[in-house]
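Shown next, in structure tokens, is the structure this report addresses.
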Amino acid sequence: MASEKPKLEALEEEYAKINKLPRLTKAVEHVDKIIELLSAAREQVASAPESHTAITITKLQNPVKSAFEAVNDGLKGAAAANKKMGKALDKSFPLKPLPTDHDAMADHVSLINRAIAMHLLREGQFKVASTFIDEVQSTTKRENPEYLDERMDDGNYDEAASTTSSEAYDLSSLHSQELQESFAGMYYILQELKARNLMPAITWARKNSVELEARGSNLEFELSRLQFVWLFKGPSVNGLPDDENNGQRGALQYARSNFGRFQARHLNEINQLACSMAFAPNIAESPYRQLFAIDTAFSDVASSFTREFCSLLGLSAESPLYLAATAGALALPQLMKYTQKTLAKGTEWTTSNEMAFETPLPQSMLYHSIFVCPVSKEQTTDANPPMMIPCGHVLAKETLQKLCKGARFKCPYCPSEGILKDARQIIL
């Protein structure tokens, strides 16, 4: 029976039925026909004597009625299938009330508002962000008129920031044309990178080269190297004009003009690119073929550009609101399940500011500080990562291996003993 099938399998069947439905092209054609009939009737009414209006409307009724019936017939199947899909979703994933005993963010409304406003700005939704900021500020002024009228007018910004209703102060820095122009410039460059035009990004990197070098960033060289490869591919691949500035000749000319500034840090990479010119007739079979693989090169430099751009603005590469919402969505099902089981058993997790279990998050969302092994006094690395043993203490992997006698070890900080395979790696 269908009710006994796995939830996902039942949903896949309903989704397959929707995919098999005919396209709504006919319905769109009928709607266009109705618009044409109505437009023609309006012109006739406007140009003909008033006595002919009733005749025009009478003639219009049957064609319009037939067209509407045809539209409804075309939409019935799609509406029924979507309704069944909705019921299948509700049955497979019923809504459950979220825990409301404790709202950890109730005292941090200003931080939430700031995260929302910044997310809208980062997404290029400048008008929406401006409206949101205005709404927050007007709400704050209504609820706390003395906050804006007295403190802000007097210039007491520090005092205003320390008050409990600091939303307007917190968001005022985001309501700036300069910040919006910065993000608008970022999105313009990203669009150009998507169109495989590297020059705006190279110009930006060159303009900010001092700040990028201070951060140890290689972005400017990465962009310039990709520009060399892109020119090397020639007009048949890059679609640029077939002249002396394109192809192998154009790539060599570009390298001579731009690679000199990178010799101190990237001489080895520059030498490889120069040597690759000797294999130009058969670069795909040469030792340098990986340098000319561009399948993901443009998306990679776009990610690097976004990261460096946001870093120079003092922001993280990813939107904090996006990260928080995504991590929460991933953790919420297990948290709800744990809460239900603990309530059923009459128990409760009492440790504050700490989860009762490890939340399964993707590698890109795992953040930890550096770790120095308390035994060896050495900082852990990818080859020698920190390991958590069953008692909860953390040691470097090499230290743990030295403590082992066979497969077992004793914790150097407590009487607990364990087996090597029970130790879990901590992701830094």
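To be explicit about the labels: the chains of the structure tokens are called A, B, and onward in the order shown, and within each one the residues are counted from 1, while ligands get numbers from 1 in the order they are shown.
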
How close does region 88-142 of chain A get to region 8-23 of chain A? List, as JSON lines, each residue of region 88-142 of chain A within 9 Å, its nearest atom pair and the distance in Å to one decimal, counting only C-alpha atoms.
```
{"residue": "A:Ala88", "atom": "CA", "partner": "A:Leu11", "partner_atom": "CA", "distance": 6.4}
{"residue": "A:Leu89", "atom": "CA", "partner": "A:Leu11", "partner_atom": "CA", "distance": 7.1}
{"residue": "A:Ser92", "atom": "CA", "partner": "A:Leu8", "partner_atom": "CA", "distance": 8.0}
```

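The protein and nucleic acid residues lying at most 10 Å from region 202-204 of chain A are A:Gly185, A:Met186, A:Ile189, A:Asn197, A:Leu198, A:Met199, A:Lys207, A:Asn208, A:Ser209, A:Leu219, A:Glu220, A:Phe221, A:Glu222, A:Leu223, A:Ser224, A:Gln227, A:Phe305, A:Phe309, with only C-alpha atoms considered and sequence neighbours fewer than 3 positions away removed.
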
message: I'd like to know which residues of region 22-229 of chain A are alpha helix (DSSP H) (by DSSP, run on the backbone); could you write them as a PyMOL selection string?
response: chain A and resi 25-47+53-92+109-122+126-143+145-146+157-162+167-172+177-194+199-207+209-214+219-229

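Coordinates place CA of Phe232 (chain A) at a distance of 4.7 Å from CA of Gly247 (chain A).
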
task: Excluding Phe126 (chain A) and any residue of its chain fewer than 2 positions from it, enumerate the residues within 12 Å of it, using only C-alpha atoms, and give them as an NGL selection string.
output: :A and (117-124 or 128-133 or 174-184 or 187)

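The shortest atom-to-atom distance to Ser311 (chain A), with only C-alpha atoms taken into account, belongs to A:Arg215 out of A:Arg215, A:Lys59, A:Lys194, A:Lys83.
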
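Closest approach to Glu269 (chain A) among A:Arg225, A:Ser299, A:Gln61, A:Phe409 is made by A:Arg225 (distances from only C-alpha atoms).
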
- line: Among A:Val28, A:Leu231, A:Leu291, A:Leu212, Cys310 (chain A) is approached most closely, using only C-alpha atoms, by A:Leu212

- prompt: Excluding same-chain residues fewer than 6 positions from region 313-323 of chain A, what lies within 7 Å of it counting only C-alpha atoms, as a count of residues only?
  reply: 5

query: What's the 10 Å shell around Ala327 (chain A), counting only C-alpha atoms, without same-chain residues fewer than 6 positions away, as a PyMOL selection string?
result: chain A and resi 321+359-362+365-366

Saved selection, atoms kept: N, CA, C and O atoms, as a CSV table (one decimal), in the first residue's frame:
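Final output, saved to selection-v7.csv:
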```
chain,number,residue,atom,x,y,z
A,321,LEU,N,23.8,35.9,8.5
A,321,LEU,CA,22.4,35.5,8.6
A,321,LEU,C,22.1,34.2,7.9
A,321,LEU,O,21.4,33.3,8.3
A,359,THR,N,26.3,18.7,16.4
A,359,THR,CA,25.4,19.1,15.3
A,359,THR,C,26.1,18.7,14.0
A,359,THR,O,27.2,19.2,13.7
A,360,PRO,N,25.5,17.9,13.1
A,360,PRO,CA,26.2,17.6,11.8
A,360,PRO,C,26.1,18.8,10.8
A,360,PRO,O,25.1,19.1,10.3
A,361,LEU,N,27.2,19.4,10.7
A,361,LEU,CA,27.3,20.6,9.8
A,361,LEU,C,28.3,20.3,8.7
A,361,LEU,O,29.3,19.5,8.9
A,362,PRO,N,28.2,20.9,7.5
A,362,PRO,CA,29.2,20.7,6.4
A,362,PRO,C,30.5,21.3,6.8
A,362,PRO,O,30.6,22.1,7.7
A,365,MET,N,31.2,25.0,7.3
A,365,MET,CA,30.5,25.7,8.4
A,365,MET,C,31.1,25.3,9.8
A,365,MET,O,30.4,25.6,10.8
A,366,LEU,N,32.2,24.7,9.8
A,366,LEU,CA,32.9,24.3,11.0
A,366,LEU,C,33.9,25.3,11.4
A,366,LEU,O,34.9,25.5,10.6
```

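Closest to Pro63 (chain A) among A:Glu36, A:Glu143, A:Glu50, A:Asp295 is A:Glu36, based on only C-alpha atoms.
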
message: Given only C-alpha atoms as the basis, pick out the residue of A:Ser286, A:Asn113, A:Ser304, A:Asn258 nearest to Ala201 (chain A).
response: A:Ser304

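For Ala407 (chain A), the non-local neighbours within 9 Å, defined as residues at least 6 positions apart in the same chain or in other chains and counting only C-alpha atoms, are Gly418, Ile419, Leu420 and Lys421 of chain A.
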
Write to file, as an mmCIF file, in the first residue's frame, the residues of the selection just made, with all heavy atoms.
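Result file follows (selection01.cif):
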```
data_model
loop_
_atom_site.group_PDB
_atom_site.id
_atom_site.type_symbol
_atom_site.label_atom_id
_atom_site.label_comp_id
_atom_site.auth_asym_id
_atom_site.auth_seq_id
_atom_site.Cartn_x
_atom_site.Cartn_y
_atom_site.Cartn_z
ATOM 1 N N GLY A 418 40.949 4.331 27.442
ATOM 2 C CA GLY A 418 40.156 4.233 26.220
ATOM 3 C C GLY A 418 40.875 3.457 25.140
ATOM 4 O O GLY A 418 42.010 3.004 25.312
ATOM 5 N N ILE A 419 40.178 3.297 24.013
ATOM 6 C CA ILE A 419 40.715 2.605 22.850
ATOM 7 C C ILE A 419 40.931 3.630 21.749
ATOM 8 O O ILE A 419 40.130 4.561 21.579
ATOM 9 C CB ILE A 419 39.748 1.498 22.368
ATOM 10 C CG1 ILE A 419 39.473 0.516 23.507
ATOM 11 C CG2 ILE A 419 40.311 0.749 21.167
ATOM 12 C CD1 ILE A 419 38.432 -0.529 23.181
ATOM 13 N N LEU A 420 41.992 3.471 20.981
ATOM 14 C CA LEU A 420 42.378 4.459 19.987
ATOM 15 C C LEU A 420 41.259 4.727 18.977
ATOM 16 O O LEU A 420 41.038 5.870 18.575
ATOM 17 C CB LEU A 420 43.644 3.988 19.252
ATOM 18 C CG LEU A 420 44.263 4.990 18.260
ATOM 19 C CD1 LEU A 420 44.640 6.283 18.972
ATOM 20 C CD2 LEU A 420 45.472 4.387 17.561
ATOM 21 N N LYS A 421 40.536 3.699 18.603
ATOM 22 C CA LYS A 421 39.497 3.884 17.592
ATOM 23 C C LYS A 421 38.306 4.710 18.104
ATOM 24 O O LYS A 421 37.493 5.181 17.321
ATOM 25 C CB LYS A 421 38.999 2.533 17.070
ATOM 26 C CG LYS A 421 38.241 1.696 18.092
ATOM 27 C CD LYS A 421 37.815 0.370 17.484
ATOM 28 C CE LYS A 421 36.995 -0.457 18.454
ATOM 29 N NZ LYS A 421 35.715 0.186 18.800
#
```

- request: Find the residues around Gly260 (chain A) up to 12 Å (only C-alpha atoms counted), leave out those fewer than 5 positions away in its own chain, and share them as a ChimeraX atom specification.
  value: /A:221,224,253-255,265-267,270-271

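Here CA of Ser303 (chain A) and CA of Gly216 (chain A) stand 16.5 Å from one another.
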
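Nearest to Met387 (chain A) of all the residues A:Val375, A:Gln401, A:Ile370, A:Ala423 is A:Ala423, counting only C-alpha atoms.
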